[in-house]
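So this one's start_19.txt, compact mmCIF, C-alpha atoms and all ligand atoms:
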```txt
# COMPACT_ATOMS: atom_id res chain seq x y z
CA MET A 646 80.31 27.06 46.06
CA ALA A 647 81.55 25.38 49.23
CA VAL A 648 78.73 23.84 51.29
CA ASN A 649 79.39 26.04 54.31
CA GLU A 650 79.51 29.31 52.41
CA PRO A 651 76.48 31.56 52.84
CA LEU A 652 74.25 31.76 49.76
CA PRO A 653 75.17 34.39 47.14
CA GLY A 654 73.97 37.82 48.20
CA THR A 655 73.83 36.88 51.89
CA SER A 656 76.57 36.99 54.52
CA ASP A 657 77.59 35.98 58.00
CA LEU A 658 78.42 38.91 60.22
CA TRP A 659 81.23 38.64 62.72
CA GLU A 660 82.91 41.04 65.05
CA PRO A 661 84.22 43.65 64.50
CA GLU A 662 81.59 44.17 61.78
CA VAL A 663 78.83 43.51 64.30
CA SER A 664 80.05 46.52 66.30
CA ASP A 665 79.49 48.72 63.25
CA TRP A 666 75.96 47.34 62.86
CA LEU A 667 75.24 48.10 66.49
CA LEU A 668 76.49 51.62 65.96
CA LEU A 669 73.91 52.12 63.19
CA GLU A 670 71.11 50.66 65.29
CA ASN A 671 72.06 52.70 68.34
CA LYS A 672 72.28 55.91 66.31
CA ALA A 673 68.82 55.24 64.86
CA ARG A 674 67.49 54.73 68.40
CA GLU A 675 69.15 57.96 69.46
CA VAL A 676 68.27 60.27 66.54
CA PHE A 677 64.75 59.29 65.42
CA PRO A 678 63.04 59.46 68.85
CA ARG A 679 64.28 63.06 69.08
CA TYR A 680 61.90 63.77 66.21
CA GLY A 681 59.03 61.93 67.91
CA TYR A 682 59.44 58.56 66.15
CA SER A 683 59.14 55.30 68.07
CA GLU A 684 60.41 51.85 67.13
CA LEU A 685 58.16 49.33 65.39
CA ARG A 686 58.97 45.71 64.57
CA THR A 687 56.88 43.93 61.97
CA PRO A 688 57.13 40.32 60.74
CA ILE A 689 59.66 39.52 58.02
CA PHE A 690 57.00 37.77 55.96
CA GLU A 691 53.54 38.93 54.99
CA ARG A 692 50.74 37.87 52.70
CA THR A 693 52.03 38.39 49.16
CA GLU A 694 49.17 40.77 48.35
CA VAL A 695 50.43 43.26 50.98
CA PHE A 696 53.39 43.93 48.68
CA VAL A 697 51.77 43.44 45.26
CA ARG A 698 48.97 45.90 46.02
CA ASN A 699 51.22 48.56 47.43
CA LEU A 700 54.48 48.44 45.56
CA GLY A 701 52.67 48.02 42.22
CA SER A 702 52.42 44.92 40.04
CA GLU A 703 54.55 46.49 37.30
CA THR A 704 57.54 47.30 39.50
CA ASP A 705 60.82 45.40 39.20
CA VAL A 706 60.58 44.36 42.83
CA VAL A 707 57.22 42.66 42.37
CA GLN A 708 57.88 41.33 38.87
CA LYS A 709 61.33 39.87 39.35
CA GLU A 710 62.68 40.08 42.86
CA MET A 711 60.28 38.81 45.51
CA TYR A 712 60.91 35.63 47.48
CA THR A 713 57.40 34.17 47.40
CA PHE A 714 56.38 30.77 48.74
CA GLN A 715 53.27 28.89 49.79
CA ASP A 716 52.69 27.89 53.37
CA ARG A 717 51.09 24.56 54.23
CA GLY A 718 47.63 26.07 54.05
CA GLY A 719 48.28 27.09 50.43
CA ARG A 720 48.53 30.81 51.23
CA SER A 721 50.97 32.82 49.17
CA LEU A 722 53.49 34.52 51.45
CA THR A 723 56.47 36.75 50.67
CA LEU A 724 59.65 37.64 52.53
CA ARG A 725 59.47 41.41 52.85
CA PRO A 726 61.38 43.17 50.04
CA GLU A 727 61.01 46.50 51.87
CA GLY A 728 59.53 47.87 55.07
CA THR A 729 56.84 50.39 54.15
CA ALA A 730 54.04 48.02 53.08
CA GLY A 731 54.27 45.95 56.28
CA VAL A 732 54.40 49.06 58.47
CA MET A 733 51.26 50.39 56.78
CA ARG A 734 49.52 47.07 57.28
CA ALA A 735 50.45 47.17 60.98
CA ILE A 736 49.19 50.74 61.35
CA ALA A 737 45.93 49.91 59.57
CA ASN A 738 45.50 46.88 61.80
CA ARG A 739 45.94 48.96 64.93
CA GLY A 740 43.75 51.72 63.53
CA LEU A 741 44.52 55.37 63.02
CA ASP A 742 41.80 57.91 63.68
CA GLN A 743 41.18 60.83 61.37
CA GLY A 744 43.71 63.57 62.12
CA GLU A 745 45.88 61.20 64.15
CA GLU A 746 49.49 60.51 63.20
CA ALA A 747 51.85 57.57 63.59
CA ARG A 748 55.58 58.16 63.41
CA VAL A 749 57.69 55.02 63.52
CA PHE A 750 61.17 53.82 62.69
CA TYR A 751 62.37 50.29 62.04
CA PHE A 752 65.34 48.29 60.97
CA GLY A 753 65.93 44.74 59.92
CA PRO A 754 66.50 42.32 57.05
CA MET A 755 64.78 42.71 53.67
CA PHE A 756 64.92 40.24 50.78
CA ARG A 757 65.18 40.81 47.04
CA GLY A 758 66.28 38.23 44.47
CA GLU A 759 68.60 40.61 42.62
CA ARG A 760 71.89 39.79 40.93
CA PRO A 761 74.41 40.19 43.75
CA ALA A 762 77.04 42.90 43.28
CA ALA A 763 78.94 45.34 45.48
CA GLY A 764 76.24 47.03 47.58
CA ARG A 765 73.48 44.84 46.12
CA ARG A 766 72.50 41.90 48.31
CA ARG A 767 69.68 39.38 48.37
CA GLN A 768 69.33 39.67 52.12
CA PHE A 769 70.10 43.26 52.96
CA HIS A 770 69.11 45.47 55.85
CA GLN A 771 67.27 48.74 55.97
CA VAL A 772 66.83 51.35 58.61
CA GLY A 773 63.73 53.33 57.79
CA VAL A 774 61.04 55.65 59.07
CA GLU A 775 57.40 56.28 58.20
CA ALA A 776 55.25 59.22 59.31
CA VAL A 777 51.69 58.27 58.50
CA GLY A 778 48.65 60.54 58.58
CA ALA A 779 50.75 63.65 58.03
CA ASP A 780 49.98 65.42 54.78
CA SER A 781 51.94 68.64 55.19
CA PRO A 782 54.89 69.49 52.90
CA TRP A 783 56.80 70.71 55.99
CA MET A 784 56.71 67.11 57.20
CA ASP A 785 58.55 66.08 54.01
CA ALA A 786 61.19 68.74 54.63
CA GLU A 787 61.62 67.63 58.25
CA CYS A 788 61.82 63.98 57.25
CA ILE A 789 64.59 64.62 54.71
CA ALA A 790 66.42 66.84 57.22
CA MET A 791 66.16 64.03 59.78
CA LEU A 792 67.74 61.62 57.29
CA THR A 793 70.65 63.98 56.62
CA HIS A 794 71.02 64.48 60.39
CA PHE A 795 71.18 60.69 60.91
CA ILE A 796 73.73 60.25 58.13
CA GLU A 797 75.90 63.06 59.47
CA GLU A 798 75.75 61.59 62.98
CA LEU A 799 77.22 58.42 61.46
CA GLY A 800 80.18 60.48 60.30
CA ILE A 801 79.20 60.15 56.63
CA ARG A 802 80.11 63.32 54.78
CA GLY A 803 79.61 63.92 51.06
CA GLY A 804 76.05 62.55 50.69
CA LYS A 805 73.96 64.36 48.07
CA VAL A 806 70.21 64.85 48.44
CA MET A 807 68.49 64.40 45.05
CA LEU A 808 64.93 65.68 45.00
CA ASN A 809 61.97 65.47 42.64
CA THR A 810 58.19 65.30 42.67
CA ARG A 811 55.76 62.88 41.04
CA GLY A 812 52.77 65.15 41.71
CA LEU A 813 49.30 63.94 42.58
CA PRO A 814 47.58 60.84 41.16
CA GLU A 815 45.39 63.29 39.21
CA ASP A 816 48.51 64.45 37.33
CA ARG A 817 49.48 60.97 36.27
CA ASP A 818 47.57 60.66 33.00
CA ALA A 819 48.84 63.97 31.65
CA VAL A 820 52.46 63.16 32.57
CA SER A 821 52.22 59.63 31.17
CA ALA A 822 50.75 60.92 27.91
CA ALA A 823 53.50 63.54 27.50
CA LEU A 824 56.22 60.99 28.26
CA LYS A 825 54.74 58.45 25.85
CA GLU A 826 54.56 61.01 23.10
CA TYR A 827 58.20 61.90 23.73
CA PHE A 828 59.57 58.33 23.95
CA LEU A 829 57.50 56.74 21.13
CA PRO A 830 59.71 57.84 18.19
CA HIS A 831 62.84 56.61 20.07
CA VAL A 832 61.52 53.26 21.23
CA GLY A 833 63.30 51.11 18.60
CA GLY A 834 66.71 52.05 20.04
CA LEU A 835 65.82 51.39 23.68
CA CYS A 836 66.38 48.34 25.89
CA GLU A 837 63.79 45.54 26.04
CA ASP A 838 62.60 46.63 29.48
CA CYS A 839 61.93 50.15 28.23
CA GLN A 840 60.11 48.89 25.14
CA ARG A 841 57.75 47.13 27.52
CA ARG A 842 57.61 50.09 29.90
CA LEU A 843 56.31 52.39 27.18
CA ASP A 844 52.87 50.87 27.79
CA SER A 845 53.19 49.46 31.27
CA ASN A 846 55.24 51.99 33.27
CA VAL A 847 56.45 54.87 31.14
CA TRP A 848 57.73 56.88 34.16
CA ARG A 849 60.46 54.32 34.77
CA MET A 850 61.87 55.10 31.31
CA LEU A 851 63.19 58.31 32.85
CA ASP A 852 65.68 56.61 35.15
CA CYS A 853 66.70 53.51 33.16
CA LYS A 854 70.42 52.85 33.68
CA ASN A 855 70.96 51.52 30.14
CA PRO A 856 73.24 54.10 28.39
CA ALA A 857 71.10 54.34 25.22
CA CYS A 858 67.92 54.83 27.24
CA HIS A 859 69.60 57.32 29.56
CA GLU A 860 70.75 59.38 26.56
CA VAL A 861 67.19 59.63 25.26
CA ALA A 862 65.74 60.32 28.73
CA LEU A 863 68.01 63.35 29.16
CA GLU A 864 65.82 65.36 26.78
CA ALA A 865 62.47 64.08 28.08
CA PRO A 866 59.89 66.59 29.34
CA LYS A 867 60.34 67.44 33.03
CA ILE A 868 57.62 66.05 35.34
CA LEU A 869 57.49 69.29 37.34
CA ASP A 870 56.55 71.28 34.21
CA LEU A 871 53.57 69.00 33.59
CA LEU A 872 52.00 69.10 37.06
CA CYS A 873 48.94 70.98 38.31
CA ASP A 874 49.31 74.06 40.52
CA THR A 875 48.51 72.17 43.73
CA SER A 876 51.36 69.72 43.10
CA ARG A 877 53.77 72.47 42.14
CA ASP A 878 52.88 74.48 45.29
CA PHE A 879 53.40 71.44 47.46
CA PHE A 880 56.84 70.87 45.96
CA ALA A 881 57.77 74.55 46.30
CA ARG A 882 57.06 74.33 50.03
CA VAL A 883 59.15 71.20 50.46
CA CYS A 884 62.05 73.00 48.78
CA GLN A 885 61.49 76.09 50.93
CA GLY A 886 61.40 74.00 54.10
CA LEU A 887 64.67 72.33 53.18
CA ARG A 888 66.32 75.67 52.44
CA ASP A 889 65.09 77.06 55.77
CA LEU A 890 66.49 74.02 57.56
CA GLY A 891 69.84 74.46 55.81
CA VAL A 892 69.66 71.17 53.92
CA ASP A 893 71.48 71.27 50.56
CA PHE A 894 69.71 69.46 47.75
CA GLU A 895 69.79 69.09 43.99
CA LEU A 896 66.75 68.91 41.75
CA ALA A 897 66.72 65.57 39.94
CA PRO A 898 64.06 65.83 37.21
CA ARG A 899 64.39 62.19 36.15
CA LEU A 900 64.19 60.69 39.63
CA VAL A 901 60.93 58.71 39.86
CA ARG A 902 61.87 55.86 42.26
CA GLY A 903 61.05 52.24 41.62
CA LEU A 904 57.88 51.75 43.64
CA ASP A 905 54.39 52.78 42.52
CA TYR A 906 53.01 54.07 45.81
CA TYR A 907 54.74 57.47 45.62
CA VAL A 908 52.94 60.81 45.23
CA HIS A 909 54.49 64.29 45.43
CA THR A 910 57.99 64.27 46.93
CA VAL A 911 60.57 61.63 46.00
CA PHE A 912 64.22 61.73 47.04
CA GLU A 913 67.42 59.78 47.26
CA ILE A 914 70.72 60.36 48.96
CA THR A 915 73.67 59.29 46.86
CA HIS A 916 77.27 58.88 47.91
CA SER A 917 80.35 58.68 45.71
CA GLY A 918 82.00 56.10 47.99
CA LEU A 919 79.46 53.45 46.93
CA GLY A 920 80.33 52.80 43.27
CA ALA A 921 77.60 51.77 40.80
CA GLN A 922 74.88 51.21 43.44
CA ASP A 923 75.24 54.74 44.72
CA ALA A 924 71.93 55.21 46.60
CA LEU A 925 72.51 55.33 50.34
CA ALA A 926 68.83 55.92 51.01
CA GLY A 927 65.61 56.59 49.18
CA GLY A 928 62.12 57.63 50.07
CA GLY A 929 59.19 59.87 49.45
CA ARG A 930 55.55 60.60 50.10
CA TYR A 931 53.11 57.80 49.37
CA ARG A 932 49.49 56.77 49.46
CA ILE A 933 48.54 53.26 50.33
CA SER A 934 45.10 51.70 50.42
CA LEU A 935 44.64 48.62 52.51
CA PRO A 936 42.10 45.86 52.36
CA GLY A 937 39.59 46.28 55.16
CA ASP A 938 40.28 50.00 55.50
CA LYS A 939 38.21 52.26 53.28
CA ARG A 940 40.56 55.20 53.63
CA THR A 941 43.78 55.71 51.80
CA LEU A 942 46.62 56.26 54.23
CA GLU A 943 49.17 58.89 53.31
CA GLY A 944 52.66 59.08 54.69
CA ILE A 945 56.22 60.16 54.15
CA GLY A 946 59.26 58.05 54.84
CA PHE A 947 62.58 56.69 53.71
CA ALA A 948 64.82 53.69 54.07
CA ALA A 949 68.60 53.61 54.06
CA GLY A 950 70.53 50.47 53.16
CA MET A 951 72.54 49.53 56.24
CA GLU A 952 75.21 47.71 54.20
CA ARG A 953 75.55 50.84 52.08
CA LEU A 954 75.81 53.13 55.11
CA LEU A 955 78.66 50.93 56.30
CA LEU A 956 80.31 50.95 52.85
CA ALA A 957 80.14 54.75 52.83
CA ARG A 958 81.70 54.87 56.30
CA GLU A 959 84.40 52.47 55.12
CA SER A 960 85.14 54.69 52.10
CA LEU A 961 85.80 57.49 54.60
CA GLY A 962 88.09 55.32 56.74
CA LEU A 963 85.50 54.88 59.52
CA LYS A 964 85.34 51.09 59.67
CA THR A 965 85.90 49.56 63.11
CA GLU A 966 89.20 47.66 63.17
CA ALA A 967 89.49 44.23 64.78
CA GLY A 968 90.38 44.63 68.44
CA ALA A 969 90.86 42.42 71.50
CA GLN A 970 88.20 39.77 72.13
CA THR A 971 88.99 39.29 75.80
CA ASP A 972 90.14 41.55 78.63
CA THR A 973 90.89 39.04 81.38
CA TYR A 974 92.07 35.51 80.58
CA LEU A 975 92.09 32.87 83.34
CA ILE A 976 94.72 30.17 82.99
CA SER A 977 94.16 27.06 85.09
CA LEU A 978 96.87 24.47 85.60
CA GLY A 979 95.58 21.09 86.80
CA GLU A 980 92.11 19.67 87.45
CA ASN A 981 91.58 21.45 90.83
CA ALA A 982 92.52 24.74 89.32
CA ILE A 983 90.04 24.37 86.46
CA LEU A 984 87.15 24.26 88.91
CA ALA A 985 88.60 27.21 90.86
CA GLY A 986 88.98 29.10 87.57
CA LEU A 987 85.36 28.38 86.65
CA LYS A 988 84.22 29.82 90.00
CA LEU A 989 86.57 32.80 89.95
CA ALA A 990 85.45 33.78 86.43
CA GLY A 991 81.83 33.68 87.60
CA GLU A 992 82.59 35.90 90.61
CA LEU A 993 84.43 38.45 88.49
CA ARG A 994 81.49 38.74 86.13
CA THR A 995 78.98 39.13 88.95
CA LYS A 996 81.13 41.82 90.55
CA LYS A 997 81.65 43.46 87.14
CA LEU A 998 85.43 43.14 87.40
CA GLY A 999 87.93 42.47 84.62
CA GLY A 1000 85.72 43.37 81.64
CA ARG A 1001 85.28 40.46 79.21
CA VAL A 1002 86.42 37.43 81.20
CA LYS A 1003 87.29 34.10 79.61
CA ALA A 1004 88.38 30.99 81.54
CA ASP A 1005 90.47 28.33 79.81
CA PHE A 1006 89.20 24.79 80.60
CA SER A 1007 91.49 22.98 78.17
CA ALA A 1008 94.02 21.63 80.72
CA ARG A 1009 96.77 22.45 78.20
CA SER A 1010 100.25 23.56 79.14
CA MET A 1011 100.87 27.04 80.53
CA LYS A 1012 102.61 27.98 77.26
CA ALA A 1013 99.67 26.88 75.10
CA GLN A 1014 97.13 28.74 77.26
CA MET A 1015 99.32 31.83 77.28
CA ARG A 1016 99.49 31.73 73.47
CA THR A 1017 95.69 31.80 73.29
CA ALA A 1018 95.53 34.68 75.79
CA ASN A 1019 97.93 36.63 73.57
CA ARG A 1020 96.03 35.84 70.40
CA GLU A 1021 92.79 37.06 71.97
CA GLY A 1022 94.48 40.31 72.97
CA ALA A 1023 93.88 39.87 76.72
CA SER A 1024 95.24 42.76 78.76
CA VAL A 1025 95.40 40.73 81.95
CA VAL A 1026 96.08 37.05 82.65
CA LEU A 1027 95.22 35.39 85.96
CA ILE A 1028 97.02 32.12 86.66
CA GLN A 1029 96.00 29.49 89.20
CA GLY A 1030 97.66 26.13 89.87
CA ASP A 1031 97.63 23.84 92.91
CA ASP A 1032 100.16 26.11 94.64
CA GLU A 1033 98.10 29.26 94.26
CA ILE A 1034 94.93 27.48 95.34
CA ALA A 1035 96.61 26.15 98.51
CA LYS A 1036 97.76 29.67 99.42
CA GLY A 1037 94.53 31.42 98.40
CA VAL A 1038 96.33 33.64 95.87
CA VAL A 1039 96.35 34.30 92.15
CA THR A 1040 99.35 35.04 89.94
CA CYS A 1041 98.38 38.15 88.03
CA ARG A 1042 100.14 39.33 84.88
CA ASN A 1043 99.67 42.64 83.13
CA MET A 1044 100.21 41.68 79.48
CA LYS A 1045 101.06 45.20 78.37
CA THR A 1046 103.76 45.93 80.94
CA SER A 1047 104.70 42.28 81.65
CA GLU A 1048 104.40 43.19 85.35
CA GLN A 1049 103.61 40.10 87.43
CA ALA A 1050 102.42 39.87 91.05
CA THR A 1051 101.08 37.35 93.52
CA VAL A 1052 97.81 38.76 94.77
CA SER A 1053 95.51 37.45 97.49
CA LEU A 1054 91.90 36.82 96.53
CA ALA A 1055 90.90 39.67 98.84
CA GLU A 1056 93.15 42.10 96.96
CA LEU A 1057 92.31 40.88 93.49
CA ALA A 1058 89.53 43.42 92.95
CA ALA A 1059 91.93 46.30 93.63
CA TRP A 1060 94.62 44.82 91.34
CA LEU A 1061 92.14 44.30 88.49
CA THR A 1062 90.74 47.79 88.83
CA LYS A 1063 94.26 49.13 88.38
CA HIS A 1064 95.44 46.86 85.56
CA ALA A 1065 92.51 45.42 83.56
P1 LIG A 1101 64.33 51.48 48.06
O1 LIG A 1101 64.94 52.62 47.29
O2 LIG A 1101 63.88 50.32 47.29
O3 LIG A 1101 63.15 52.09 48.91
O4 LIG A 1101 65.38 51.01 49.14
C1 LIG A 1101 65.93 51.92 50.06
C2 LIG A 1101 67.42 51.67 50.22
O5 LIG A 1101 67.66 50.29 50.54
C3 LIG A 1101 68.24 51.90 48.95
O6 LIG A 1101 68.55 53.26 48.79
C4 LIG A 1101 69.48 51.07 49.23
O7 LIG A 1101 70.36 51.79 50.08
C5 LIG A 1101 68.92 49.90 50.01
N1 LIG A 1101 68.74 48.73 49.13
C6 LIG A 1101 67.72 48.45 48.31
N2 LIG A 1101 67.91 47.28 47.67
C7 LIG A 1101 69.10 46.80 48.11
C8 LIG A 1101 69.85 45.60 47.86
N3 LIG A 1101 69.42 44.65 47.03
N4 LIG A 1101 71.02 45.44 48.51
C9 LIG A 1101 71.48 46.38 49.37
N5 LIG A 1101 70.81 47.52 49.66
C10 LIG A 1101 69.63 47.72 49.05
C11 LIG A 1101 62.35 51.38 49.75
O8 LIG A 1101 62.58 50.25 50.08
C12 LIG A 1101 61.19 52.17 50.32
N6 LIG A 1101 60.42 51.30 51.21
C13 LIG A 1101 61.70 53.41 51.05
C14 LIG A 1101 60.58 54.22 51.63
C15 LIG A 1101 60.18 54.25 52.91
N7 LIG A 1101 59.81 55.04 50.95
C16 LIG A 1101 58.92 55.55 51.78
N8 LIG A 1101 59.12 55.07 52.96
```

Show the structure stored in the file as structure tokens.
Ligand code: HAM
Amino acid sequence: MAVNEPLPGTSDLWEPEVSDWLLLENKAREVFPRYGYSELRTPIFERTEVFVRNLGSETDVVQKEMYTFQDRGGRSLTLRPEGTAGVMRAIANRGLDQGEEARVFYFGPMFRGERPAAGRRRQFHQVGVEAVGADSPWMDAECIAMLTHFIEELGIRGGKVMLNTRGLPEDRDAVSAALKEYFLPHVGGLCEDCQRRLDSNVWRMLDCKNPACHEVALEAPKILDLLCDTSRDFFARVCQGLRDLGVDFELAPRLVRGLDYYVHTVFEITHSGLGAQDALAGGGRYRISLPGDKRTLEGIGFAAGMERLLLARESLGLKTEAGAQTDTYLISLGENAILAGLKLAGELRTKKLGGRVKADFSARSMKAQMRTANREGASVVLIQGDDEIAKGVVTCRNMKTSEQATVSLAELAAWLTKHA
């Protein structure tokens, strides 16, 4: 790997890609507040225990993927692998009274030491929301509808909502026992991870990607059939809410999601434009207990992978193409003119004239400066040499029409308004 290349699974972002990122961020800031969510920014590293406690010590993220390091004081810290745990810590720190709700959205970098592949990065970005303190199934329906609204606003068509329930913590033992009983006779033919999961995390055997494991999982008992009435009622309402809101969804009986904090509703949105890593977004209802807070906080939320949203847009031909970098290019010929160019560029910017203004200080030939102006896609070039400065004029060239005029400084604003 060349020394200046970014590390595997990370990337540098340049224009025009940056414009697409801004589009996602701006859409999030436009759509989520309409549902009463406000923006929250949390640190990108936390005490390691914030993640271990909440995501679950048996999850792939905690077992294999976290970037954990010690600070100078010997504390174990971790770069956030996801947003929910940090958001919950922040909410607990601020305090949430009984019956009160917090609805927040966030975006930013997350870090997981996974094997890089298309759509799977080590530094990736999520845009997510969390509604904490809300325990109604209608909230789940609204949250999923909000996600589909956001995705549609980004022009992404063809996303599929996959929906399942994990029921209440009280259901867990019965479901685990039924799954164990089902998988035990098959365990010899399953992957190493699943052989271990039989005792440590049998639910994850349902969604293992290994073909042999998947084949066996297809016939496994359905979680929904094993749940208590309260859990089944909750799920029925979520489904009803989604139908009433006109959100199409598919039941996905083997969807369990990779993090342990989930209860009741779990969902993902998949998109065929993504290839093997086909989850655009994932989320669900969760319960998190925090040190220093006796209560368990319950919430519903999701996170969408920003790289994957952009890949889905690209698969639909919606990627921003490279465009001009400059609108007005100032060519200065000679030392006097360079200083005049520096000042003129400043004035144009203050007066908001000429769009993106760039002055050339290189003292190169007219031809060389013109070549750069062309390469940058400038629509207007302003030329000053000793002659122009003496007369108080500027030679103005419209690069699209090749029209050229000598314009006094007083008339420059009018010329630029017409041509730039
Ligand atoms: P997650 O399913 O682990 O959930 O991640 C959510 C989304 O982040 C995925 O659907 C995917 O689009 C993206 N993603 C995850 N890992 C990578 C990666 N290595 N490279 C690129 N994109 C990736 C969570 O993180 C939960 N915190 C979601 C949530 C919020 N649940 C409740 N509230």

Leaving out stretch 872-874 of chain A and any residue of its chain fewer than 4 positions from it, which residues lie within 7 Å of it when counting all atoms listed in the file, given as a PDB file with C-alpha atoms, keeping the file's coordinate frame?
```
ATOM      1  CA  GLY A 812      52.770  65.150  41.710  1.00  0.00           C
ATOM      2  CA  ASP A 816      48.510  64.450  37.330  1.00  0.00           C
ATOM      3  CA  ILE A 868      57.620  66.050  35.340  1.00  0.00           C
ATOM      4  CA  ASP A 878      52.880  74.480  45.290  1.00  0.00           C
TER       5      ASP A 878
END
```

Between atom CA of A:Phe690 and atom CA of A:Gly718, what distance in Å does the model show, to one decimal?
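Result for atom CA of A:Phe690 versus atom CA of A:Gly718: 15.1 Å, one decimal.
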
Between atom CA of A:Val883 and atom CA of A:Val908 - distance in Å to one decimal
13.2 Å

Distance limit 8 Å, reference ligand LIG 1101 (chain A), atoms considered: all atoms listed in the file. Which residues make the cut? Give them as number ranges by chain.
A: 726-730, 756-759, 761, 764-771, 773-775, 902-904, 907, 913-914, 922-931, 944-954

Separation of atom CA of A:Gln840 and atom CA of A:Lys867, in Å?
20.2 Å

Residues near stretch 1052-1065 of chain A, anyone? I mean within 9 Å using only C-alpha atoms, not counting same-chain ones fewer than 4 positions away, as a PyMOL selection string.
chain A and resi 972-973+993+996+998-1000+1023-1025+1036-1043

Could those residues be written to a file, using C-alpha atoms, as an mmCIF file, in the coordinates of the input?
```
data_model
loop_
_atom_site.group_PDB
_atom_site.id
_atom_site.type_symbol
_atom_site.label_atom_id
_atom_site.label_comp_id
_atom_site.auth_asym_id
_atom_site.auth_seq_id
_atom_site.Cartn_x
_atom_site.Cartn_y
_atom_site.Cartn_z
ATOM 1 C CA ASP A 972 90.140 41.550 78.630
ATOM 2 C CA THR A 973 90.890 39.040 81.380
ATOM 3 C CA LEU A 993 84.430 38.450 88.490
ATOM 4 C CA LYS A 996 81.130 41.820 90.550
ATOM 5 C CA LEU A 998 85.430 43.140 87.400
ATOM 6 C CA GLY A 999 87.930 42.470 84.620
ATOM 7 C CA GLY A 1000 85.720 43.370 81.640
ATOM 8 C CA ALA A 1023 93.880 39.870 76.720
ATOM 9 C CA SER A 1024 95.240 42.760 78.760
ATOM 10 C CA VAL A 1025 95.400 40.730 81.950
ATOM 11 C CA LYS A 1036 97.760 29.670 99.420
ATOM 12 C CA GLY A 1037 94.530 31.420 98.400
ATOM 13 C CA VAL A 1038 96.330 33.640 95.870
ATOM 14 C CA VAL A 1039 96.350 34.300 92.150
ATOM 15 C CA THR A 1040 99.350 35.040 89.940
ATOM 16 C CA CYS A 1041 98.380 38.150 88.030
ATOM 17 C CA ARG A 1042 100.140 39.330 84.880
ATOM 18 C CA ASN A 1043 99.670 42.640 83.130
#
```

Tell me which of A:Gly800, A:Gly731, A:Gly744, A:Pro651 sits closest to A:Pro688, counting all atoms listed in the file.
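That would be A:Gly731, the residue with the smallest distance to A:Pro688.
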
Top pick for closest residue to A:Pro866, considering A:Leu824, A:Leu685, A:Met1015, A:Ala786 and counting all atoms listed in the file
A:Leu824

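Shortest atom-to-atom contact with A:Glu703 among A:Thr687, A:Thr810, A:Ser917, A:Asn846: A:Asn846, counting all atoms listed in the file.
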
Give the answer as one residue: which of A:Leu667, A:Ala862, A:Ala1004, A:Val1026 has the shortest atom-to-atom distance to A:Ser1047, using all atoms listed in the file?
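For A:Ser1047, the nearest of the candidates is A:Val1026.
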
Which residue is closest to A:Tyr974? Choose from A:Ile1028, A:Ala1013, A:Lys988, A:Ala819 and count only C-alpha atoms.
A:Ile1028

Got a sec: who's within 10 Å of A:Glu959, counting only C-alpha atoms, leaving out chain neighbours fewer than 4 positions off, as a list in words?
Ile801, Gly918, Leu919, Arg953, Leu954, Leu955, Leu963, Lys964 and Thr965 of chain A

Using all atoms listed in the file, the residue out of A:Pro653, A:Ala967, A:Val676, A:Lys997 with shortest distance to A:Ala762 is A:Pro653

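For A:Leu722, the residues within 6 Å (counting all atoms listed in the file, excluding itself and residues fewer than 6 positions away along the chain) are Glu691, Arg692, Thr693, Thr713, Phe714 and Gln715 of chain A.
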
Please return, as an MDAnalysis selection string, all polymer residues that have at least one atom within 8 Å of the point (61.7, 47.6, 64.4); use only C-alpha atoms and the file's own coordinate frame.
chainID A and resid 684:687 750:753
